[in-house]
Amino acid sequence: MAIAVVVAASIGVGLPAPAATARPVTYDFLTGIRAELTDPGGSLPGTNDFHCRPSAAHPRPVLLLHGSGGGRQTNWGTLAAVLVREGYCVFAPTYGALSTVWPVSAIGGMGPKIDSAWQVKRFAHRVLAATGSRDLDIVGHSLGTEIPTYWMKYLGGRHDVAHYVSLAPYWRQGPDGDDVRGEEIARYRRLLGVASPGRPDCPECTAPPRGLDFNRAVRVPTPYLTGVHYTNIVTRYDGIVTPYTAGILRGPAGTDVENVVVQDGCRLDHSDHMSITSNRRSAAMVLNALDPAHRRQVPCVPVTPVRGAGSLGSTGR
């Protein structure tokens, strides 16, 4: 929702468009919003190229899944550019939008969560088919961490994911976080004439345990599956996921889970719920999670709330 507010405000007042000339990665959360205003309904440069073929160095495509109120451009202006520059095949949908008409179409993560999980399932299958890959990696932010979990646990995606990187997740969410908006949003979609994603016969699907709503089905007994390498990246200054430790959850026996707090070892990092997606420090952590065999040094640089802008030359502990 915080992302949606920033998007709506930006559409109202306008933001300067980026220069047309090629330039390095911009570590600024507003980069994605500027991209959406410059190319309404488009995709970030280098992303959603269904002719992309993964390389030997990066054999799996990366699927970026935005948070509530985000979209394929607004959420990923920095991190998508980092991954494309590194040579990954990068794909990003906007799921859960309440309209197909811009600018509402750019504000995703607002629809019923099960509908969103089906949209992610379909998009992921399209990515796998186009790239010829057996599996893919996920980088999710906020709501974009639980939607694919439902797909993996119940909609047949458990063998389609190798690495799962969660930015600002909330695995310890209690029953008060249930998706109470579901029926109201469904009615609103019908009034707008926006169809829910089709749900064909699904022999690979598994019904969640009886009596569990979406949020509890994601978390009970655990959000983790064996055979997947999980990395949770959280910030102490998260104002949405509170306490921030709700995103830290050890895995049961047989699961592979790493928990990372971005401030550990770096007092200059003041990233919050949004800027955790848009700075050099978090970007290095994501790259290490996707390719743990070739870890790089994680810089300690100043990171600001919201925008995440920092200087590569700054150090501190």
# chains A, B, ... in the order shown; residues from 1 in each chain; ligands from 1

call {"tool": "residues_around", "arguments": {"residues": "Pro169 in chain A", "least_positions_apart": "6", "cutoff": "12 Å", "atoms": "only C-alpha atoms", "output": "JSON, numbers by chain"}}
result
{"A": [66, 67, 68, 139, 140, 141, 142, 143, 144, 145, 146, 147, 149, 219, 223, 230, 231, 232, 233, 234, 235, 238, 240, 241, 242, 243, 244, 245, 246, 247, 248, 249, 259, 260, 261, 273, 276]}

call {"tool": "select_by_dssp", "arguments": {"residues": "range 107-233 of chain A", "states": "strand (DSSP E or B)", "output": "list in words"}}
result
Leu136, Asp137, Ile138, Val139, Gly140, His141, Val161, Ala162, His163, Tyr164, Val165, Ser166, Leu167, His229, Tyr230, Thr231, Asn232 and Ile233 of chain A

call {"tool": "closest_residue", "arguments": {"among": "A:Gly156, A:Pro305, A:Pro112, A:Gly77", "to": "Gly32 in chain A", "atoms": "only C-alpha atoms"}}
result
A:Gly77

call {"tool": "select_by_dssp", "arguments": {"residues": "range 22-217 of chain A", "states": "helix (DSSP H, G or I)", "output": "PyMOL selection string"}}
result
chain A and resi 30-38+79-86+104-106+113-131+143-154+175-177+182-192+214-217

call {"tool": "write_last_selection", "arguments": {"atoms": "C-alpha atoms", "output": "short mmCIF file (atom, residue, chain, number, x, y, z; two decimals), in the first residue's frame"}}
result
data_model
loop_
_atom_site.label_atom_id
_atom_site.label_comp_id
_atom_site.auth_asym_id
_atom_site.auth_seq_id
_atom_site.Cartn_x
_atom_site.Cartn_y
_atom_site.Cartn_z
CA LEU A 30 11.80 6.30 -7.57
CA THR A 31 13.54 4.97 -10.69
CA GLY A 32 10.80 2.42 -11.25
CA ILE A 33 8.06 5.01 -10.80
CA ARG A 34 9.75 7.29 -13.31
CA ALA A 35 9.90 4.36 -15.74
CA GLU A 36 6.16 3.75 -15.35
CA LEU A 37 5.40 7.41 -16.05
CA THR A 38 7.69 7.41 -19.08
CA LEU A 79 17.07 -4.46 -8.85
CA ALA A 80 15.87 -5.42 -12.33
CA ALA A 81 18.66 -3.31 -13.84
CA VAL A 82 21.22 -4.95 -11.53
CA LEU A 83 20.14 -8.44 -12.55
CA VAL A 84 19.97 -7.64 -16.27
CA ARG A 85 23.46 -6.13 -16.10
CA GLU A 86 24.68 -9.34 -14.42
CA VAL A 104 -4.83 1.54 -12.02
CA SER A 105 -3.33 -1.31 -14.06
CA ALA A 106 0.11 -0.35 -12.71
CA LYS A 113 -4.74 -13.43 -3.03
CA ILE A 114 -5.74 -16.78 -4.52
CA ASP A 115 -6.42 -15.04 -7.85
CA SER A 116 -2.95 -13.53 -7.63
CA ALA A 117 -1.40 -16.93 -6.94
CA TRP A 118 -3.03 -18.29 -10.09
CA GLN A 119 -1.72 -15.33 -12.09
CA VAL A 120 1.80 -16.01 -10.79
CA LYS A 121 1.42 -19.70 -11.65
CA ARG A 122 0.45 -18.92 -15.23
CA PHE A 123 3.18 -16.34 -15.70
CA ALA A 124 5.84 -18.66 -14.26
CA HIS A 125 4.77 -21.49 -16.57
CA ARG A 126 5.03 -19.10 -19.51
CA VAL A 127 8.55 -18.13 -18.44
CA LEU A 128 9.64 -21.75 -18.06
CA ALA A 129 8.19 -22.71 -21.43
CA ALA A 130 9.75 -19.76 -23.25
CA THR A 131 13.22 -20.13 -21.72
CA LEU A 143 3.27 -9.52 -0.43
CA GLY A 144 5.34 -10.90 -3.31
CA THR A 145 6.85 -13.39 -0.87
CA GLU A 146 3.62 -15.08 0.18
CA ILE A 147 1.79 -15.20 -3.17
CA PRO A 148 4.39 -17.50 -4.80
CA THR A 149 4.53 -19.58 -1.63
CA TYR A 150 0.86 -20.46 -2.10
CA TRP A 151 1.55 -21.38 -5.75
CA MET A 152 4.44 -23.59 -4.68
CA LYS A 153 2.61 -25.33 -1.83
CA TYR A 154 -0.83 -25.83 -3.39
CA PRO A 175 -4.63 -14.45 12.32
CA ASP A 176 -5.42 -10.72 12.46
CA GLY A 177 -3.69 -10.41 9.10
CA GLY A 182 -11.18 -10.75 -0.52
CA GLU A 183 -14.94 -10.72 -1.01
CA GLU A 184 -15.16 -6.92 -1.24
CA ILE A 185 -12.41 -6.81 -3.85
CA ALA A 186 -14.04 -9.62 -5.82
CA ARG A 187 -17.28 -7.61 -5.98
CA TYR A 188 -15.37 -4.51 -7.08
CA ARG A 189 -13.66 -6.47 -9.85
CA ARG A 190 -17.03 -7.70 -11.10
CA LEU A 191 -18.33 -4.11 -11.18
CA LEU A 192 -15.29 -3.07 -13.22
CA PHE A 214 -4.97 -18.04 2.59
CA ASN A 215 -2.56 -16.46 5.07
CA ARG A 216 -2.54 -19.41 7.45
CA ALA A 217 -2.33 -21.87 4.54
#
